[in-house]
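Have a look at work.cif below; it lists mmCIF, N, CA and C atoms.
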```
data_entry
#
loop_
_atom_site.label_atom_id
_atom_site.label_comp_id
_atom_site.auth_asym_id
_atom_site.auth_seq_id
_atom_site.Cartn_x
_atom_site.Cartn_y
_atom_site.Cartn_z
N GLY A 21 3.90 -14.87 13.01
CA GLY A 21 4.62 -13.92 12.23
C GLY A 21 3.77 -12.73 11.82
N MET A 22 3.29 -12.77 10.59
CA MET A 22 2.59 -11.63 10.02
C MET A 22 1.23 -11.40 10.66
N TRP A 23 0.51 -12.47 10.98
CA TRP A 23 -0.79 -12.28 11.62
C TRP A 23 -0.62 -11.63 12.98
N ASP A 24 0.45 -11.99 13.69
CA ASP A 24 0.72 -11.37 14.98
C ASP A 24 0.97 -9.87 14.81
N ARG A 25 1.79 -9.51 13.83
CA ARG A 25 2.05 -8.09 13.57
C ARG A 25 0.77 -7.37 13.16
N ALA A 26 -0.03 -8.01 12.30
CA ALA A 26 -1.27 -7.39 11.83
C ALA A 26 -2.26 -7.22 12.98
N SER A 27 -2.23 -8.13 13.95
CA SER A 27 -3.16 -8.04 15.07
C SER A 27 -2.87 -6.85 15.97
N ARG A 28 -1.69 -6.25 15.82
CA ARG A 28 -1.32 -5.09 16.63
C ARG A 28 -1.36 -3.78 15.84
N PHE A 29 -1.87 -3.84 14.60
CA PHE A 29 -1.91 -2.64 13.75
C PHE A 29 -3.36 -2.34 13.39
N ASP A 30 -3.81 -1.12 13.64
CA ASP A 30 -5.18 -0.73 13.38
C ASP A 30 -5.31 -0.30 11.91
N GLY A 31 -5.52 -1.27 11.06
CA GLY A 31 -5.65 -1.01 9.63
C GLY A 31 -5.34 -2.28 8.86
N TRP A 32 -5.16 -2.14 7.58
CA TRP A 32 -4.84 -3.28 6.72
C TRP A 32 -3.34 -3.57 6.77
N THR A 33 -2.98 -4.84 6.82
CA THR A 33 -1.60 -5.29 6.67
C THR A 33 -1.54 -6.11 5.39
N ILE A 34 -0.60 -5.80 4.52
CA ILE A 34 -0.44 -6.54 3.28
C ILE A 34 0.58 -7.65 3.52
N VAL A 35 0.16 -8.88 3.26
CA VAL A 35 0.99 -10.05 3.44
C VAL A 35 1.34 -10.59 2.05
N ILE A 36 2.64 -10.66 1.76
CA ILE A 36 3.05 -11.22 0.47
C ILE A 36 4.12 -12.28 0.71
N GLU A 37 4.05 -13.34 -0.08
CA GLU A 37 5.05 -14.40 -0.02
C GLU A 37 6.20 -14.05 -0.95
N ASP A 38 7.27 -14.83 -0.83
CA ASP A 38 8.47 -14.56 -1.62
C ASP A 38 8.26 -14.72 -3.12
N ASP A 39 7.22 -15.44 -3.53
CA ASP A 39 6.98 -15.64 -4.95
C ASP A 39 5.84 -14.77 -5.49
N ALA A 40 5.48 -13.73 -4.76
CA ALA A 40 4.49 -12.76 -5.25
C ALA A 40 5.17 -11.77 -6.18
N THR A 41 4.47 -11.38 -7.23
CA THR A 41 4.99 -10.41 -8.18
C THR A 41 3.97 -9.29 -8.33
N LEU A 42 4.39 -8.07 -8.05
CA LEU A 42 3.51 -6.92 -8.23
C LEU A 42 3.39 -6.65 -9.72
N LEU A 43 2.17 -6.55 -10.21
CA LEU A 43 1.95 -6.33 -11.63
C LEU A 43 2.26 -4.89 -12.02
N ASP A 44 2.65 -4.72 -13.28
CA ASP A 44 2.92 -3.37 -13.79
C ASP A 44 1.71 -2.47 -13.58
N GLY A 45 1.98 -1.23 -13.25
CA GLY A 45 0.90 -0.26 -13.05
C GLY A 45 0.40 -0.16 -11.62
N TRP A 46 0.90 -1.03 -10.74
CA TRP A 46 0.47 -1.01 -9.35
C TRP A 46 1.56 -0.41 -8.47
N ASP A 47 1.14 0.36 -7.46
CA ASP A 47 2.04 0.90 -6.46
C ASP A 47 1.27 0.99 -5.15
N ILE A 48 1.91 1.49 -4.13
CA ILE A 48 1.28 1.55 -2.80
C ILE A 48 0.02 2.41 -2.81
N GLU A 49 0.03 3.52 -3.50
CA GLU A 49 -1.17 4.38 -3.53
C GLU A 49 -2.34 3.67 -4.18
N ARG A 50 -2.09 2.96 -5.26
CA ARG A 50 -3.17 2.23 -5.91
C ARG A 50 -3.68 1.11 -5.02
N LEU A 51 -2.78 0.44 -4.30
CA LEU A 51 -3.20 -0.57 -3.32
C LEU A 51 -4.07 0.05 -2.23
N ARG A 52 -3.65 1.20 -1.75
CA ARG A 52 -4.43 1.90 -0.71
C ARG A 52 -5.83 2.24 -1.21
N ARG A 53 -5.92 2.71 -2.46
CA ARG A 53 -7.24 3.03 -3.05
C ARG A 53 -8.09 1.77 -3.18
N LEU A 54 -7.47 0.66 -3.60
CA LEU A 54 -8.20 -0.60 -3.73
C LEU A 54 -8.82 -1.00 -2.39
N LEU A 55 -8.06 -0.88 -1.32
CA LEU A 55 -8.53 -1.31 -0.01
C LEU A 55 -9.51 -0.34 0.63
N SER A 56 -9.61 0.87 0.11
CA SER A 56 -10.51 1.84 0.73
C SER A 56 -11.69 2.23 -0.16
N ALA A 57 -11.61 1.99 -1.46
CA ALA A 57 -12.62 2.53 -2.36
C ALA A 57 -13.70 1.54 -2.78
N GLU A 58 -13.36 0.29 -2.97
CA GLU A 58 -14.36 -0.66 -3.46
C GLU A 58 -15.41 -0.90 -2.38
N PRO A 59 -16.69 -0.73 -2.71
CA PRO A 59 -17.76 -0.85 -1.70
C PRO A 59 -17.76 -2.19 -0.96
N GLU A 60 -17.57 -3.29 -1.68
CA GLU A 60 -17.58 -4.61 -1.03
C GLU A 60 -16.44 -4.75 -0.03
N ILE A 61 -15.30 -4.16 -0.34
CA ILE A 61 -14.15 -4.23 0.55
C ILE A 61 -14.29 -3.23 1.69
N ALA A 62 -14.78 -2.05 1.40
CA ALA A 62 -14.93 -1.03 2.43
C ALA A 62 -15.82 -1.52 3.56
N ARG A 63 -16.82 -2.36 3.26
CA ARG A 63 -17.71 -2.89 4.29
C ARG A 63 -17.00 -3.87 5.22
N THR A 64 -15.84 -4.37 4.82
CA THR A 64 -15.13 -5.36 5.64
C THR A 64 -14.03 -4.74 6.49
N ARG A 65 -14.01 -3.43 6.62
CA ARG A 65 -12.93 -2.75 7.33
C ARG A 65 -12.68 -3.32 8.73
N THR A 66 -13.72 -3.71 9.43
CA THR A 66 -13.52 -4.18 10.80
C THR A 66 -13.37 -5.70 10.88
N ARG A 67 -13.54 -6.40 9.79
CA ARG A 67 -13.40 -7.85 9.81
C ARG A 67 -13.15 -8.33 8.39
N GLY A 68 -11.93 -8.73 8.09
CA GLY A 68 -11.78 -9.24 6.75
C GLY A 68 -10.38 -9.51 6.26
N VAL A 69 -10.38 -10.21 5.13
CA VAL A 69 -9.21 -10.49 4.33
C VAL A 69 -9.59 -10.10 2.91
N VAL A 70 -8.67 -9.50 2.20
CA VAL A 70 -8.87 -9.18 0.78
C VAL A 70 -7.78 -9.88 0.00
N TRP A 71 -8.18 -10.74 -0.93
CA TRP A 71 -7.19 -11.45 -1.75
C TRP A 71 -6.60 -10.47 -2.75
N LEU A 72 -5.28 -10.42 -2.84
CA LEU A 72 -4.61 -9.49 -3.74
C LEU A 72 -4.00 -10.19 -4.95
N GLU A 73 -4.27 -11.48 -5.10
CA GLU A 73 -3.96 -12.23 -6.32
C GLU A 73 -5.15 -13.15 -6.56
N ASP A 74 -5.36 -13.55 -7.80
CA ASP A 74 -6.63 -14.17 -8.16
C ASP A 74 -6.83 -15.63 -7.78
N ARG A 75 -5.80 -16.40 -7.50
CA ARG A 75 -5.97 -17.84 -7.29
C ARG A 75 -6.97 -18.20 -6.18
N PRO A 76 -6.98 -17.51 -5.03
CA PRO A 76 -7.99 -17.89 -4.03
C PRO A 76 -9.43 -17.65 -4.51
N CYS A 77 -9.60 -16.77 -5.47
CA CYS A 77 -10.95 -16.45 -5.96
C CYS A 77 -11.39 -17.36 -7.10
N VAL A 78 -10.44 -17.88 -7.87
CA VAL A 78 -10.82 -18.69 -9.03
C VAL A 78 -10.41 -20.15 -8.90
N LYS A 79 -9.38 -20.44 -8.12
CA LYS A 79 -8.93 -21.83 -7.94
C LYS A 79 -9.14 -22.31 -6.50
N TYR A 80 -9.47 -21.40 -5.61
CA TYR A 80 -9.74 -21.69 -4.20
C TYR A 80 -8.54 -22.26 -3.45
N TRP A 81 -7.35 -21.78 -3.78
CA TRP A 81 -6.14 -22.09 -3.03
C TRP A 81 -5.13 -21.00 -3.30
N GLY A 82 -4.14 -20.91 -2.43
CA GLY A 82 -3.06 -19.93 -2.59
C GLY A 82 -3.20 -18.77 -1.63
N THR A 83 -2.07 -18.35 -1.07
CA THR A 83 -2.05 -17.19 -0.16
C THR A 83 -0.84 -16.33 -0.49
N VAL A 84 -0.55 -16.15 -1.77
CA VAL A 84 0.64 -15.42 -2.20
C VAL A 84 0.57 -13.95 -1.82
N ALA A 85 -0.62 -13.36 -1.88
CA ALA A 85 -0.76 -11.94 -1.54
C ALA A 85 -2.18 -11.68 -1.05
N TYR A 86 -2.26 -11.10 0.14
CA TYR A 86 -3.57 -10.72 0.67
C TYR A 86 -3.39 -9.61 1.69
N ALA A 87 -4.47 -8.92 1.98
CA ALA A 87 -4.49 -7.92 3.03
C ALA A 87 -5.38 -8.44 4.14
N VAL A 88 -4.96 -8.24 5.37
CA VAL A 88 -5.74 -8.68 6.53
C VAL A 88 -5.82 -7.52 7.50
N ASN A 89 -6.98 -7.36 8.12
CA ASN A 89 -7.08 -6.27 9.10
C ASN A 89 -6.89 -6.80 10.52
N GLN A 90 -6.83 -5.89 11.45
CA GLN A 90 -6.46 -6.20 12.83
C GLN A 90 -7.37 -7.26 13.46
N ARG A 91 -8.67 -7.04 13.41
CA ARG A 91 -9.59 -7.95 14.08
C ARG A 91 -9.51 -9.36 13.50
N THR A 92 -9.43 -9.47 12.18
CA THR A 92 -9.37 -10.79 11.56
C THR A 92 -8.05 -11.47 11.84
N ALA A 93 -6.95 -10.73 11.84
CA ALA A 93 -5.65 -11.32 12.16
C ALA A 93 -5.68 -11.92 13.57
N LEU A 94 -6.22 -11.20 14.51
CA LEU A 94 -6.31 -11.69 15.89
C LEU A 94 -7.19 -12.94 15.96
N SER A 95 -8.32 -12.91 15.27
CA SER A 95 -9.22 -14.06 15.25
C SER A 95 -8.55 -15.28 14.62
N MET A 96 -7.82 -15.08 13.53
CA MET A 96 -7.15 -16.21 12.88
C MET A 96 -6.05 -16.78 13.77
N LEU A 97 -5.33 -15.92 14.47
CA LEU A 97 -4.31 -16.41 15.40
C LEU A 97 -4.91 -17.28 16.49
N GLU A 98 -6.08 -16.90 16.95
CA GLU A 98 -6.75 -17.66 18.01
C GLU A 98 -7.30 -18.99 17.51
N ARG A 99 -7.70 -19.05 16.24
CA ARG A 99 -8.39 -20.24 15.72
C ARG A 99 -7.53 -21.18 14.90
N TYR A 100 -6.44 -20.70 14.30
CA TYR A 100 -5.63 -21.54 13.41
C TYR A 100 -4.98 -22.67 14.19
N ASP A 101 -5.00 -23.88 13.61
CA ASP A 101 -4.48 -25.06 14.32
C ASP A 101 -2.97 -25.29 14.14
N PHE A 102 -2.31 -24.54 13.27
CA PHE A 102 -0.87 -24.64 13.04
C PHE A 102 -0.45 -26.04 12.57
N ARG A 103 -1.39 -26.79 12.00
CA ARG A 103 -1.08 -28.09 11.40
C ARG A 103 -1.50 -28.13 9.94
N SER A 104 -2.56 -27.42 9.61
CA SER A 104 -3.09 -27.41 8.25
C SER A 104 -2.33 -26.41 7.39
N PRO A 105 -2.24 -26.68 6.07
CA PRO A 105 -1.70 -25.64 5.19
C PRO A 105 -2.54 -24.38 5.32
N VAL A 106 -1.89 -23.24 5.43
CA VAL A 106 -2.60 -21.98 5.69
C VAL A 106 -3.65 -21.69 4.64
N ASP A 107 -3.31 -21.86 3.35
CA ASP A 107 -4.28 -21.51 2.31
C ASP A 107 -5.52 -22.40 2.40
N ASP A 108 -5.34 -23.70 2.67
CA ASP A 108 -6.50 -24.59 2.82
C ASP A 108 -7.35 -24.16 4.01
N TRP A 109 -6.69 -23.86 5.11
CA TRP A 109 -7.41 -23.46 6.32
C TRP A 109 -8.20 -22.17 6.08
N MET A 110 -7.56 -21.18 5.43
CA MET A 110 -8.24 -19.92 5.19
C MET A 110 -9.45 -20.11 4.27
N GLN A 111 -9.33 -20.99 3.27
CA GLN A 111 -10.47 -21.25 2.39
C GLN A 111 -11.61 -21.93 3.16
N ARG A 112 -11.26 -22.87 4.03
CA ARG A 112 -12.31 -23.54 4.83
C ARG A 112 -13.02 -22.56 5.76
N GLN A 113 -12.29 -21.55 6.23
CA GLN A 113 -12.90 -20.54 7.11
C GLN A 113 -13.73 -19.55 6.31
N GLN A 114 -13.63 -19.62 4.99
CA GLN A 114 -14.35 -18.73 4.07
C GLN A 114 -14.06 -17.27 4.36
N VAL A 115 -12.80 -16.99 4.65
CA VAL A 115 -12.40 -15.60 4.79
C VAL A 115 -11.98 -15.10 3.41
N GLY A 116 -12.07 -13.83 3.21
CA GLY A 116 -11.53 -13.25 1.99
C GLY A 116 -12.58 -12.70 1.04
N LYS A 117 -12.33 -11.49 0.61
CA LYS A 117 -13.14 -10.84 -0.42
C LYS A 117 -12.31 -10.78 -1.68
N CYS A 118 -12.98 -10.87 -2.82
CA CYS A 118 -12.30 -10.80 -4.12
C CYS A 118 -12.56 -9.42 -4.72
N PRO A 119 -11.50 -8.63 -4.95
CA PRO A 119 -11.69 -7.32 -5.56
C PRO A 119 -11.97 -7.45 -7.06
N THR A 120 -12.26 -6.33 -7.70
CA THR A 120 -12.53 -6.36 -9.14
C THR A 120 -11.25 -6.48 -9.96
N GLU A 121 -10.11 -6.18 -9.36
CA GLU A 121 -8.82 -6.35 -10.04
C GLU A 121 -7.78 -6.75 -8.99
N PHE A 122 -6.73 -7.40 -9.46
CA PHE A 122 -5.72 -7.96 -8.57
C PHE A 122 -4.35 -7.35 -8.85
N PRO A 123 -3.68 -6.82 -7.81
CA PRO A 123 -2.38 -6.19 -8.01
C PRO A 123 -1.20 -7.15 -8.10
N PHE A 124 -1.35 -8.38 -7.61
CA PHE A 124 -0.24 -9.33 -7.58
C PHE A 124 -0.55 -10.56 -8.41
N THR A 125 0.49 -11.24 -8.80
CA THR A 125 0.37 -12.55 -9.41
C THR A 125 1.40 -13.46 -8.77
N HIS A 126 1.21 -14.74 -8.97
CA HIS A 126 2.14 -15.74 -8.46
C HIS A 126 3.28 -15.87 -9.45
N LEU A 127 4.51 -15.87 -8.97
CA LEU A 127 5.68 -15.90 -9.84
C LEU A 127 5.65 -17.06 -10.82
N ASP A 128 5.31 -18.25 -10.37
CA ASP A 128 5.33 -19.41 -11.27
C ASP A 128 4.35 -20.46 -10.79
N ASP A 129 3.15 -20.48 -11.36
CA ASP A 129 2.15 -21.47 -10.97
C ASP A 129 2.61 -22.89 -11.21
N ASP A 130 3.55 -23.11 -12.14
CA ASP A 130 3.98 -24.46 -12.46
C ASP A 130 4.75 -25.13 -11.33
N LEU A 131 5.31 -24.35 -10.41
CA LEU A 131 6.11 -24.93 -9.33
C LEU A 131 5.26 -25.44 -8.18
N GLY A 132 3.99 -25.09 -8.15
CA GLY A 132 3.12 -25.56 -7.09
C GLY A 132 3.29 -24.76 -5.82
N ALA A 133 3.21 -25.44 -4.69
CA ALA A 133 3.25 -24.77 -3.39
C ALA A 133 4.56 -24.02 -3.18
N SER A 134 4.48 -22.94 -2.45
CA SER A 134 5.67 -22.15 -2.14
C SER A 134 6.55 -22.92 -1.18
N GLU A 135 7.78 -23.11 -1.57
CA GLU A 135 8.77 -23.74 -0.71
C GLU A 135 10.11 -23.13 -1.05
N ILE A 136 11.00 -23.12 -0.10
CA ILE A 136 12.36 -22.69 -0.39
C ILE A 136 13.08 -23.90 -0.96
N ARG A 137 13.62 -23.75 -2.15
CA ARG A 137 14.29 -24.86 -2.81
C ARG A 137 15.67 -24.39 -3.24
N ASP A 138 16.60 -25.33 -3.30
CA ASP A 138 17.94 -24.96 -3.75
C ASP A 138 18.06 -25.11 -5.26
N ALA A 139 19.19 -24.68 -5.81
CA ALA A 139 19.40 -24.68 -7.26
C ALA A 139 19.30 -26.08 -7.85
N ASP A 140 19.68 -27.12 -7.09
CA ASP A 140 19.61 -28.48 -7.62
C ASP A 140 18.19 -28.87 -8.00
N PHE A 141 17.20 -28.37 -7.27
CA PHE A 141 15.81 -28.68 -7.59
C PHE A 141 15.47 -28.24 -9.00
N PHE A 142 16.03 -27.11 -9.41
CA PHE A 142 15.72 -26.55 -10.72
C PHE A 142 16.62 -27.11 -11.82
N GLY A 143 17.51 -28.03 -11.47
CA GLY A 143 18.33 -28.69 -12.46
C GLY A 143 19.53 -27.89 -12.93
N ASN A 144 19.97 -26.94 -12.13
CA ASN A 144 21.18 -26.20 -12.50
C ASN A 144 21.89 -25.76 -11.24
N GLU A 145 23.03 -25.19 -11.42
CA GLU A 145 23.83 -24.74 -10.28
C GLU A 145 23.70 -23.25 -10.03
N SER A 146 22.91 -22.57 -10.85
CA SER A 146 22.81 -21.12 -10.75
C SER A 146 22.07 -20.69 -9.49
N THR A 147 22.61 -19.71 -8.85
CA THR A 147 21.92 -19.09 -7.72
C THR A 147 21.67 -17.61 -8.01
N GLU A 148 21.79 -17.24 -9.28
CA GLU A 148 21.57 -15.84 -9.66
C GLU A 148 20.08 -15.51 -9.58
N ILE A 149 19.81 -14.26 -9.28
CA ILE A 149 18.44 -13.75 -9.23
C ILE A 149 18.19 -12.98 -10.51
N ASP A 150 17.01 -13.17 -11.08
CA ASP A 150 16.63 -12.44 -12.28
C ASP A 150 16.74 -10.94 -11.98
N PRO A 151 17.59 -10.20 -12.71
CA PRO A 151 17.79 -8.78 -12.41
C PRO A 151 16.50 -7.95 -12.51
N GLU A 152 15.64 -8.29 -13.46
CA GLU A 152 14.38 -7.56 -13.60
C GLU A 152 13.50 -7.77 -12.36
N MET A 153 13.41 -9.02 -11.90
CA MET A 153 12.61 -9.32 -10.71
C MET A 153 13.22 -8.66 -9.48
N GLU A 154 14.53 -8.68 -9.37
CA GLU A 154 15.21 -8.06 -8.25
C GLU A 154 14.92 -6.56 -8.21
N GLU A 155 14.93 -5.92 -9.37
CA GLU A 155 14.65 -4.48 -9.44
C GLU A 155 13.19 -4.19 -9.06
N ARG A 156 12.26 -5.02 -9.53
CA ARG A 156 10.85 -4.82 -9.18
C ARG A 156 10.64 -4.96 -7.67
N MET A 157 11.28 -5.95 -7.06
CA MET A 157 11.14 -6.15 -5.62
C MET A 157 11.80 -5.02 -4.84
N ARG A 158 12.93 -4.50 -5.34
CA ARG A 158 13.59 -3.38 -4.68
C ARG A 158 12.68 -2.15 -4.71
N LYS A 159 12.04 -1.90 -5.85
CA LYS A 159 11.13 -0.75 -5.96
C LYS A 159 9.92 -0.92 -5.05
N LEU A 160 9.39 -2.13 -4.99
CA LEU A 160 8.25 -2.38 -4.10
C LEU A 160 8.65 -2.14 -2.65
N GLU A 161 9.80 -2.63 -2.26
CA GLU A 161 10.28 -2.42 -0.89
C GLU A 161 10.43 -0.93 -0.58
N GLU A 162 10.97 -0.15 -1.52
CA GLU A 162 11.11 1.29 -1.32
C GLU A 162 9.74 1.96 -1.16
N GLN A 163 8.76 1.54 -1.98
CA GLN A 163 7.42 2.11 -1.88
C GLN A 163 6.78 1.80 -0.54
N ILE A 164 6.94 0.56 -0.08
CA ILE A 164 6.36 0.17 1.21
C ILE A 164 7.01 0.96 2.34
N GLN A 165 8.34 1.10 2.30
CA GLN A 165 9.04 1.85 3.35
C GLN A 165 8.64 3.32 3.33
N ALA A 166 8.43 3.89 2.15
CA ALA A 166 8.03 5.30 2.06
C ALA A 166 6.60 5.51 2.57
N ALA A 167 5.74 4.54 2.28
CA ALA A 167 4.34 4.68 2.68
C ALA A 167 4.12 4.39 4.17
N PHE A 168 4.96 3.54 4.74
CA PHE A 168 4.80 3.12 6.12
C PHE A 168 6.12 3.26 6.86
N PRO A 169 6.59 4.51 7.09
CA PRO A 169 7.87 4.69 7.77
C PRO A 169 7.82 4.17 9.21
N VAL A 170 8.97 3.67 9.66
CA VAL A 170 9.05 3.17 11.04
C VAL A 170 9.55 4.23 11.98
#
```
Using the file provided, produce a representation of the structure as structure tokens.
Amino acid sequence: GMWDRASRFDGWTIVIEDDATLLDGWDIERLRRLLSAEPEIARTRTRGVVWLEDRPCVKYWGTVAYAVNQRTALSMLERYDFRSPVDDWMQRQQVGKCPTEFPFTHLDDDLGASEIRDADFFGNESTEIDPEMEERMRKLEEQIQAAFPV
């Protein structure tokens, strides 16, 4: 999926899961500055992953939001065994740089691993989406489309 797309793009690809939440004050331009300005990250331009949420840096698990560049995406596609959980595998490969600040957070750490679950799992019949979260995701999608037109 995303690693394949990233392997064909000369630059950073931002990978976010469905439970990633962009923190207030962050937008595409600030993300672009983060990936180009920090010295530790700038040195990884030709080979690297940058964690965009803090759990891989402090808890050593989670892949809710990260940026991957072309060379590393191709390398991961060639080496990944497609049996191990991706976050565990990426940690074992010791890929990833930790920036000084993180633009994303995980929607709900209490739920554990990301999985698609139905309303029954949560103990109710509601399938409504939080309007505030829906608006934040709509704005993020607009920013991404404006920054990277097809």
Atom pair CA of Trp109 in chain A / CA of Ser95 in chain A: separation (Å):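 About the pair CA of Trp109 in chain A and CA of Ser95 in chain A: they are 13.1 Å apart.
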Got a sec: who's within 6.5 Å of Gln90 in chain A, counting only N, CA and C atoms, leaving out chain neighbours fewer than 2 positions off, as a CSV table (one decimal) with N, CA and C atoms, keeping the file's coordinate frame?
```csv
chain,number,residue,atom,x,y,z
A,26,ALA,N,0.0,-8.0,12.3
A,26,ALA,CA,-1.3,-7.4,11.8
A,26,ALA,C,-2.3,-7.2,13.0
A,27,SER,N,-2.2,-8.1,14.0
A,27,SER,CA,-3.2,-8.0,15.1
A,27,SER,C,-2.9,-6.8,16.0
A,28,ARG,N,-1.7,-6.2,15.8
A,28,ARG,CA,-1.3,-5.1,16.6
A,28,ARG,C,-1.4,-3.8,15.8
A,29,PHE,N,-1.9,-3.8,14.6
A,29,PHE,CA,-1.9,-2.6,13.8
A,29,PHE,C,-3.4,-2.3,13.4
A,30,ASP,N,-3.8,-1.1,13.6
A,30,ASP,CA,-5.2,-0.7,13.4
A,30,ASP,C,-5.3,-0.3,11.9
A,31,GLY,N,-5.5,-1.3,11.1
A,31,GLY,CA,-5.6,-1.0,9.6
A,31,GLY,C,-5.3,-2.3,8.9
A,32,TRP,N,-5.2,-2.1,7.6
A,32,TRP,CA,-4.8,-3.3,6.7
A,32,TRP,C,-3.3,-3.6,6.8
A,33,THR,N,-3.0,-4.8,6.8
A,33,THR,CA,-1.6,-5.3,6.7
A,33,THR,C,-1.5,-6.1,5.4
A,88,VAL,N,-5.0,-8.2,5.4
A,88,VAL,CA,-5.7,-8.7,6.5
A,88,VAL,C,-5.8,-7.5,7.5
A,92,THR,N,-9.4,-9.5,12.2
A,92,THR,CA,-9.4,-10.8,11.6
A,92,THR,C,-8.0,-11.5,11.8
A,93,ALA,N,-7.0,-10.7,11.8
A,93,ALA,CA,-5.6,-11.3,12.2
A,93,ALA,C,-5.7,-11.9,13.6
A,94,LEU,N,-6.2,-11.2,14.5
A,94,LEU,CA,-6.3,-11.7,15.9
A,94,LEU,C,-7.2,-12.9,16.0
A,95,SER,N,-8.3,-12.9,15.3
A,95,SER,CA,-9.2,-14.1,15.2
A,95,SER,C,-8.6,-15.3,14.6
```
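A straight line drawn from CA of Cys77 in chain A to CA of Asp39 in chain A is 18.0 Å long.
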For Pro119 in chain A, the nearest of the candidates A:Val70, A:Met22, A:Ala85, A:Leu160, counting all atoms listed in the file: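 The shortest atom-to-atom distance to Pro119 in chain A comes from A:Val70.
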- Item | Resolved residues for the PyMOL selection byres ((chain A and resi 122) around 6.5) as a list in words | Trp71, Leu72, Glu73, Asp74, Pro119, Thr120, Glu121, Pro123, Phe124 and Thr125 of chain A
Each side padded by 3 Å, which centre and which edge lengths in Å (one decimal) define the axis-aligned box around the listed atoms of range 84-101 of chain A? Give them as JSON.
```
{"center_x": -4.5, "center_y": -15.6, "center_z": 7.9, "size_x": 16.2, "size_y": 25.4, "size_z": 26.2}
```
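Here atom C of Asp107 in chain A is placed at a distance of 10.4 Å from CA of Val84 in chain A.
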**Asked** Could you name the residues that touch Ile48 in chain A at 8 Å or less, counting all atoms listed in the file, but leaving out those on the same chain fewer than 6 positions away, as a VMD selection string?
**Response** chain A and resid 54 160 163 to 164 167
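Residues with any atom within 12 Å of Trp81 in chain A, counting only C-alpha atoms and excluding same-chain neighbours fewer than 6 positions away, are Trp71, Glu73, Asp74, Arg75, Pro105, Val106, Asp107, Asp108, Trp109, Met110, Gln111, Arg112, Gln114, Val115, Gly116, His126, Asp129, Gly132, Ala133 and Ser134 of chain A.
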Deliver the residues from the most recent selection as a file, using N, CA and C atoms, as a tab-separated table (two decimals), in the coordinates of the input.
```
chain	number	residue	atom	x	y	z
A	71	TRP	N	-8.18	-10.74	-0.93
A	71	TRP	CA	-7.19	-11.45	-1.75
A	71	TRP	C	-6.60	-10.47	-2.75
A	73	GLU	N	-4.27	-11.48	-5.10
A	73	GLU	CA	-3.96	-12.23	-6.32
A	73	GLU	C	-5.15	-13.15	-6.56
A	74	ASP	N	-5.36	-13.55	-7.80
A	74	ASP	CA	-6.63	-14.17	-8.16
A	74	ASP	C	-6.83	-15.63	-7.78
A	75	ARG	N	-5.80	-16.40	-7.50
A	75	ARG	CA	-5.97	-17.84	-7.29
A	75	ARG	C	-6.97	-18.20	-6.18
A	105	PRO	N	-2.24	-26.68	6.07
A	105	PRO	CA	-1.70	-25.64	5.19
A	105	PRO	C	-2.54	-24.38	5.32
A	106	VAL	N	-1.89	-23.24	5.43
A	106	VAL	CA	-2.60	-21.98	5.69
A	106	VAL	C	-3.65	-21.69	4.64
A	107	ASP	N	-3.31	-21.86	3.35
A	107	ASP	CA	-4.28	-21.51	2.31
A	107	ASP	C	-5.52	-22.40	2.40
A	108	ASP	N	-5.34	-23.70	2.67
A	108	ASP	CA	-6.50	-24.59	2.82
A	108	ASP	C	-7.35	-24.16	4.01
A	109	TRP	N	-6.69	-23.86	5.11
A	109	TRP	CA	-7.41	-23.46	6.32
A	109	TRP	C	-8.20	-22.17	6.08
A	110	MET	N	-7.56	-21.18	5.43
A	110	MET	CA	-8.24	-19.92	5.19
A	110	MET	C	-9.45	-20.11	4.27
A	111	GLN	N	-9.33	-20.99	3.27
A	111	GLN	CA	-10.47	-21.25	2.39
A	111	GLN	C	-11.61	-21.93	3.16
A	112	ARG	N	-11.26	-22.87	4.03
A	112	ARG	CA	-12.31	-23.54	4.83
A	112	ARG	C	-13.02	-22.56	5.76
A	114	GLN	N	-13.63	-19.62	4.99
A	114	GLN	CA	-14.35	-18.73	4.07
A	114	GLN	C	-14.06	-17.27	4.36
A	115	VAL	N	-12.80	-16.99	4.65
A	115	VAL	CA	-12.40	-15.60	4.79
A	115	VAL	C	-11.98	-15.10	3.41
A	116	GLY	N	-12.07	-13.83	3.21
A	116	GLY	CA	-11.53	-13.25	1.99
A	116	GLY	C	-12.58	-12.70	1.04
A	126	HIS	N	1.21	-14.74	-8.97
A	126	HIS	CA	2.14	-15.74	-8.46
A	126	HIS	C	3.28	-15.87	-9.45
A	129	ASP	N	3.15	-20.48	-11.36
A	129	ASP	CA	2.15	-21.47	-10.97
A	129	ASP	C	2.61	-22.89	-11.21
A	132	GLY	N	3.99	-25.09	-8.15
A	132	GLY	CA	3.12	-25.56	-7.09
A	132	GLY	C	3.29	-24.76	-5.82
A	133	ALA	N	3.21	-25.44	-4.69
A	133	ALA	CA	3.25	-24.77	-3.39
A	133	ALA	C	4.56	-24.02	-3.18
A	134	SER	N	4.48	-22.94	-2.45
A	134	SER	CA	5.67	-22.15	-2.14
A	134	SER	C	6.55	-22.92	-1.18
```
For this session: as an NGL selection string, please: all residues of range 53-125 of chain A that backbone DSSP puts in helix (DSSP H, G or I).
Result: :A and (53-57 or 59-62 or 75-78 or 90-99 or 106-112)
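Selecting strand (DSSP E or B) from the backbone DSSP output for range 74-118 of chain A yields Ala85, Tyr86, Ala87, Val88, Asn89 and Lys117 of chain A.
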- request: Compare A:Val69, A:Lys159, A:Glu37, A:Arg103 by their minimum atom-to-atom distance to Ala87 in chain A, counting all atoms listed in the file, and give me the closest one.
  value: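 Once distances to Ala87 in chain A are computed over all atoms listed in the file, the minimum belongs to A:Val69.
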